[in-house]
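Peer 1: I am sharing run.cif, which consists of mmCIF, C-alpha atoms:
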```
data_entry
#
loop_
_atom_site.label_atom_id
_atom_site.label_comp_id
_atom_site.auth_asym_id
_atom_site.auth_seq_id
_atom_site.Cartn_x
_atom_site.Cartn_y
_atom_site.Cartn_z
CA MET E 1 5.72 -10.04 -12.13
CA ARG E 2 4.87 -12.77 -9.66
CA GLY E 3 4.66 -12.02 -5.97
CA LEU E 4 5.88 -9.16 -3.84
CA SER E 5 9.65 -8.75 -3.87
CA ILE E 6 10.02 -5.69 -1.66
CA LEU E 7 11.65 -7.76 1.04
CA ILE E 8 14.68 -8.18 -1.21
CA PHE E 9 15.48 -4.90 0.50
CA ILE E 10 15.61 -6.44 3.99
CA GLY E 11 19.35 -6.01 4.24
CA ALA E 12 19.12 -2.37 3.21
CA LEU E 13 16.24 -1.70 5.55
CA ALA E 14 18.08 -3.33 8.42
CA GLY E 15 20.59 -0.51 8.23
CA CYS E 16 17.81 1.91 9.15
CA GLY E 17 17.44 0.83 12.76
CA GLY E 18 18.89 -1.01 15.67
CA ALA E 19 18.47 -4.63 16.67
CA ALA E 20 14.91 -5.82 16.93
CA ASP E 21 13.50 -6.37 20.40
CA PRO E 22 12.72 -9.97 21.36
CA GLN E 23 9.20 -10.86 20.29
CA PRO E 24 6.67 -13.06 22.07
CA LYS E 25 6.01 -16.48 20.61
CA PRO E 26 3.05 -15.82 18.33
CA GLU E 27 1.52 -19.26 18.72
CA GLU E 28 1.38 -18.84 22.48
CA GLU E 29 -0.04 -15.32 22.40
CA ILE E 30 -2.64 -16.06 19.72
CA ARG E 31 -3.91 -19.19 21.44
CA SER E 32 -3.63 -18.21 25.12
CA GLU E 33 -6.86 -18.09 27.11
CA PRO E 34 -9.30 -18.13 24.18
CA GLN E 35 -12.49 -16.22 24.80
CA PRO E 36 -15.95 -17.34 23.67
CA VAL E 37 -16.88 -15.80 20.32
CA MET E 38 -19.63 -13.26 20.89
CA GLY E 39 -21.52 -10.52 19.10
CA PRO E 40 -22.51 -10.10 15.47
CA GLU E 41 -20.19 -11.14 12.68
CA ARG E 42 -17.57 -8.49 11.86
CA THR E 43 -16.49 -8.61 8.22
CA ILE E 44 -12.97 -7.34 7.54
CA MET E 45 -11.47 -7.20 4.05
CA ALA E 46 -7.71 -7.63 3.63
CA PHE E 47 -6.95 -5.80 0.38
CA GLY E 48 -3.36 -6.02 -0.75
CA ASN E 49 -0.68 -8.03 -2.51
CA SER E 50 1.18 -11.31 -1.90
CA LEU E 51 1.79 -10.47 1.75
CA PHE E 52 -1.96 -10.90 2.24
CA ALA E 53 -2.52 -13.53 -0.46
CA GLY E 54 -0.50 -16.19 1.37
CA TYR E 55 2.26 -16.57 -1.21
CA GLY E 56 4.30 -19.71 -0.46
CA VAL E 57 2.34 -20.69 2.65
CA GLY E 58 -1.19 -21.20 1.34
CA GLU E 59 -4.26 -19.11 1.97
CA GLU E 60 -5.05 -21.15 5.09
CA ASN E 61 -1.80 -19.84 6.68
CA SER E 62 -2.00 -16.33 5.24
CA TYR E 63 -2.01 -13.19 7.34
CA PRO E 64 -5.81 -12.74 6.99
CA ALA E 65 -6.49 -16.36 7.99
CA GLN E 66 -4.23 -16.16 11.03
CA LEU E 67 -5.65 -12.77 11.96
CA GLU E 68 -9.19 -14.17 11.86
CA ALA E 69 -8.15 -16.98 14.21
CA ALA E 70 -6.46 -14.51 16.56
CA LEU E 71 -9.47 -12.19 16.66
CA ARG E 72 -11.86 -15.08 17.27
CA ALA E 73 -9.62 -16.34 20.08
CA GLN E 74 -10.04 -12.86 21.54
CA GLY E 75 -13.83 -13.29 21.42
CA ILE E 76 -14.44 -11.18 18.30
CA ASN E 77 -16.75 -12.79 15.75
CA ALA E 78 -14.44 -11.90 12.88
CA LYS E 79 -14.80 -12.97 9.26
CA MET E 80 -11.82 -12.09 7.11
CA VAL E 81 -12.18 -11.66 3.34
CA ASN E 82 -8.80 -12.26 1.69
CA ALA E 83 -8.57 -9.89 -1.28
CA GLY E 84 -4.80 -10.14 -1.68
CA ILE E 85 -3.39 -10.53 -5.22
CA SER E 86 0.29 -11.34 -5.69
CA GLY E 87 2.16 -8.70 -7.66
CA ASP E 88 -0.40 -5.94 -7.24
CA THR E 89 0.77 -2.34 -7.39
CA THR E 90 -1.37 0.52 -6.12
CA ALA E 91 -2.49 1.05 -9.73
CA ALA E 92 -3.66 -2.57 -10.00
CA GLY E 93 -5.36 -2.28 -6.62
CA LEU E 94 -7.19 0.84 -7.73
CA GLN E 95 -8.33 -0.89 -10.92
CA ARG E 96 -10.00 -3.75 -9.02
CA LEU E 97 -11.13 -2.08 -5.80
CA ALA E 98 -14.64 -1.06 -6.83
CA PHE E 99 -15.65 -4.35 -8.43
CA THR E 100 -14.13 -6.31 -5.54
CA LEU E 101 -16.31 -4.37 -3.12
CA ASP E 102 -19.35 -4.67 -5.40
CA ALA E 103 -18.93 -8.46 -5.39
CA GLN E 104 -19.30 -8.74 -1.61
CA GLU E 105 -22.58 -9.92 -0.13
CA THR E 106 -21.83 -7.88 3.00
CA LYS E 107 -20.12 -4.50 3.06
CA PRO E 108 -16.88 -4.77 5.06
CA GLU E 109 -16.89 -3.04 8.42
CA LEU E 110 -13.16 -2.42 7.97
CA LEU E 111 -10.70 -2.64 5.07
CA LEU E 112 -7.00 -3.28 5.61
CA LEU E 113 -5.19 -1.49 2.76
CA GLU E 114 -1.75 -3.04 2.17
CA LEU E 115 -0.07 -1.88 -1.04
CA GLY E 116 2.97 0.10 -2.19
CA GLY E 117 5.84 -2.38 -2.08
CA ASN E 118 5.54 -3.37 -5.72
CA ASP E 119 5.42 0.31 -6.67
CA LEU E 120 8.95 0.58 -5.29
CA LEU E 121 10.15 -2.41 -7.28
CA ARG E 122 8.70 -1.06 -10.52
CA GLY E 123 10.28 2.33 -10.00
CA LEU E 124 7.01 4.22 -9.73
CA SER E 125 7.33 7.71 -8.32
CA PRO E 126 5.85 8.44 -4.88
CA ASP E 127 3.55 10.93 -6.63
CA GLN E 128 2.02 8.09 -8.66
CA THR E 129 1.67 5.91 -5.58
CA ARG E 130 0.04 8.76 -3.69
CA ALA E 131 -2.41 9.47 -6.51
CA ASN E 132 -3.50 5.82 -6.60
CA PHE E 133 -3.96 5.75 -2.83
CA VAL E 134 -5.96 8.99 -2.99
CA ALA E 135 -8.32 7.46 -5.55
CA MET E 136 -8.75 4.31 -3.45
CA LEU E 137 -9.34 6.27 -0.26
CA ASP E 138 -11.88 8.46 -2.07
CA GLU E 139 -13.71 5.33 -3.20
CA LEU E 140 -13.72 3.86 0.29
CA LYS E 141 -14.82 7.15 1.82
CA SER E 142 -17.73 7.37 -0.61
CA ARG E 143 -18.83 3.91 0.52
CA GLU E 144 -18.33 4.79 4.21
CA ILE E 145 -15.89 1.92 4.77
CA PRO E 146 -13.32 2.53 7.53
CA VAL E 147 -9.69 1.88 6.58
CA LEU E 148 -6.55 0.70 8.32
CA MET E 149 -3.52 1.53 6.15
CA MET E 150 -0.63 -0.91 6.43
CA GLY E 151 2.40 1.25 5.77
CA MET E 152 5.57 0.27 3.92
CA ARG E 153 9.04 1.78 3.95
CA ALA E 154 11.46 2.61 1.13
CA PRO E 155 15.05 1.34 1.47
CA PRO E 156 17.77 3.97 1.99
CA ASN E 157 19.51 3.13 -1.29
CA TYR E 158 16.66 4.94 -3.08
CA GLY E 159 18.07 8.18 -1.73
CA PRO E 160 16.93 10.35 1.17
CA GLU E 161 14.56 12.51 -0.86
CA PHE E 162 12.70 9.56 -2.38
CA GLN E 163 12.71 7.71 0.93
CA ALA E 164 11.24 10.66 2.83
CA GLU E 165 8.57 11.25 0.19
CA PHE E 166 7.51 7.59 -0.02
CA ASP E 167 7.61 6.86 3.71
CA GLY E 168 5.75 10.06 4.51
CA LEU E 169 2.80 9.52 2.19
CA TYR E 170 1.19 6.87 4.43
CA GLY E 171 1.05 9.09 7.48
CA GLU E 172 0.02 12.14 5.48
CA LEU E 173 -2.84 10.32 3.78
CA ALA E 174 -3.95 8.69 7.02
CA GLU E 175 -4.20 12.13 8.60
CA GLU E 176 -5.87 13.70 5.57
CA TYR E 177 -8.54 11.00 5.34
CA ASP E 178 -8.78 10.39 9.09
CA VAL E 179 -8.05 6.68 8.77
CA ALA E 180 -6.07 4.40 11.05
CA LEU E 181 -2.43 3.57 10.28
CA VAL E 182 0.24 1.00 11.08
CA PRO E 183 3.29 3.07 10.01
CA PHE E 184 5.46 0.11 8.91
CA TRP E 185 3.62 -3.14 9.37
CA MET E 186 6.72 -5.32 8.72
CA GLU E 187 8.56 -3.62 11.58
CA THR E 188 8.77 -6.65 13.88
CA ILE E 189 10.23 -9.12 11.38
CA TYR E 190 12.21 -7.32 8.69
CA GLN E 191 15.48 -7.79 10.60
CA ARG E 192 14.81 -11.48 11.26
CA PRO E 193 15.76 -13.53 8.17
CA GLU E 194 14.71 -16.79 9.83
CA LEU E 195 11.10 -15.64 9.52
CA PHE E 196 11.29 -15.47 5.72
CA GLN E 197 10.97 -18.15 3.09
CA ASN E 198 13.97 -19.30 1.03
CA ASP E 199 13.30 -16.54 -1.48
CA ARG E 200 14.10 -14.04 1.31
CA ILE E 201 11.08 -12.13 0.09
CA HIS E 202 7.96 -13.57 1.70
CA PRO E 203 7.38 -14.33 5.39
CA THR E 204 7.03 -17.89 6.58
CA THR E 205 3.91 -19.03 8.40
CA GLU E 206 5.71 -18.17 11.64
CA GLY E 207 6.68 -14.76 10.30
CA LEU E 208 3.06 -14.02 9.44
CA SER E 209 2.08 -15.14 12.94
CA GLU E 210 4.50 -12.56 14.33
CA LEU E 211 2.88 -9.88 12.17
CA VAL E 212 -0.55 -10.87 13.48
CA VAL E 213 0.64 -10.55 17.07
CA ALA E 214 2.17 -7.15 16.33
CA THR E 215 -0.82 -5.69 14.48
CA LYS E 216 -4.03 -7.29 15.77
CA ASP E 217 -4.53 -4.63 18.46
CA ALA E 218 -4.43 -1.97 15.74
CA VAL E 219 -7.04 -3.93 13.79
CA VAL E 220 -9.30 -4.19 16.84
CA ALA E 221 -8.91 -0.48 17.54
CA ALA E 222 -9.84 0.37 13.93
CA LEU E 223 -13.08 -1.64 14.01
CA PRO E 224 -16.13 0.60 14.42
CA GLU E 225 -17.89 0.38 17.77
CA LEU E 226 -20.93 -1.86 17.83
CA PRO E 227 -24.30 -0.29 18.61
CA ASP E 228 -25.70 -1.05 22.05
CA ASP E 229 -28.47 -3.20 20.58
CA ALA E 230 -26.15 -5.43 18.54
CA GLU E 231 -27.29 -9.04 18.80
CA ALA E 232 -25.07 -12.07 19.28
CA PRO E 233 -25.17 -14.77 16.58
CA ALA E 234 -27.55 -17.63 17.21
CA ASP E 235 -24.74 -20.19 17.56
CA ALA E 236 -22.45 -18.04 19.71
CA SER E 237 -22.99 -20.21 22.78
CA ALA E 238 -21.97 -23.29 20.81
CA GLU E 239 -18.58 -21.79 20.03
#
```
Take the structure in the file and write it out as structure tokens.
Peer 2:
Amino acid sequence: MRGLSILIFIGALAGCGGAADPQPKPEEEIRSEPQPVMGPERTIMAFGNSLFAGYGVGEENSYPAQLEAALRAQGINAKMVNAGISGDTTAAGLQRLAFTLDAQETKPELLLLELGGNDLLRGLSPDQTRANFVAMLDELKSREIPVLMMGMRAPPNYGPEFQAEFDGLYGELAEEYDVALVPFWMETIYQRPELFQNDRIHPTTEGLSELVVATKDAVVAALPELPDDAEAPADASAE
């Protein structure tokens, strides 16, 4: 199955809440008053599905690419590693997590874990999704890699019991493993169809920009603190 189709459920999800609050223009917020890039390079891995991979917009306009630009504009010497694969379920993510990490020259200082939507589409039970997340979080804990979970939400037509079980697993696992969490990372755009591509599934470049604006503070907060003796890169002044 190609790409993430969870946003087919936008109409159903829209019935879960009220009208979305007006959002700031992402281009203006991301580019306003850029700060000089300082400090050592901070490697962040974006591990997920097509919402990270840049489906339909190109990797250069993907969420990780735009997040890197936003963090650097904020003065953070960020280097994003885009490990998004279109169509991935939590089971597929678990299967490739270890060798993806092993292939990195530098261990990520933070991993953004964005999976679960394709589990819904394939009818996997929340118990299966939870078990796959547990195995991934165990792997990341053993490697001492901090995690920011990017939560998803089940549509109400799945029934209240399923919805409660699926939606709740992100918060429960975040608490159990003491990792950071964005409860529903599509919150700011799921009621705004103009921010989705013609397939009504994947965000446009502008939609991804909105997600960066909404979530970059959570990413910054999840980054480990730098030691006092951390050195700036040699070319920091040139940037």
Peer 1: What lies within 9 Å of E:Tyr177 using all atoms listed in the file, ignoring chain neighbours under 3 positions off, as a PDB file with C-alpha atoms, in the frame of the given file?
Peer 2:
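Okay, this is what ended up in part38.pdb:
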```
ATOM      1  CA  VAL E 134      -5.960   8.990  -2.990  1.00  0.00           C
ATOM      2  CA  LEU E 137      -9.340   6.270  -0.260  1.00  0.00           C
ATOM      3  CA  ASP E 138     -11.880   8.460  -2.070  1.00  0.00           C
ATOM      4  CA  LYS E 141     -14.820   7.150   1.820  1.00  0.00           C
ATOM      5  CA  GLU E 172       0.020  12.140   5.480  1.00  0.00           C
ATOM      6  CA  LEU E 173      -2.840  10.320   3.780  1.00  0.00           C
ATOM      7  CA  ALA E 174      -3.950   8.690   7.020  1.00  0.00           C
TER       8      ALA E 174
END
```
Peer 1: In terms of the shortest atom-to-atom distance over only C-alpha atoms, which of E:Met152, E:Ala78, E:Leu124, E:Leu140 is closest to E:Leu223?
Peer 2: E:Ala78
Peer 1: What does the PyMOL selection byres ((chain E and resi 53) around 10) select in this file, as a PyMOL selection string?
Peer 2: chain E and resi 3+46-52+54-65+82-87
Peer 1: So what do you get for atom CA of E:Ile189 versus atom CA of E:Ala214, distance-wise?
Peer 2: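 Computing it gives 9.7 Å between the two atoms.
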Peer 1: To one decimal place, how far is atom CA of E:Tyr170 from atom CA of E:Asn77 in Å?
Peer 2: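 Pair atom CA of E:Tyr170 / atom CA of E:Asn77 returns 28.9 Å.
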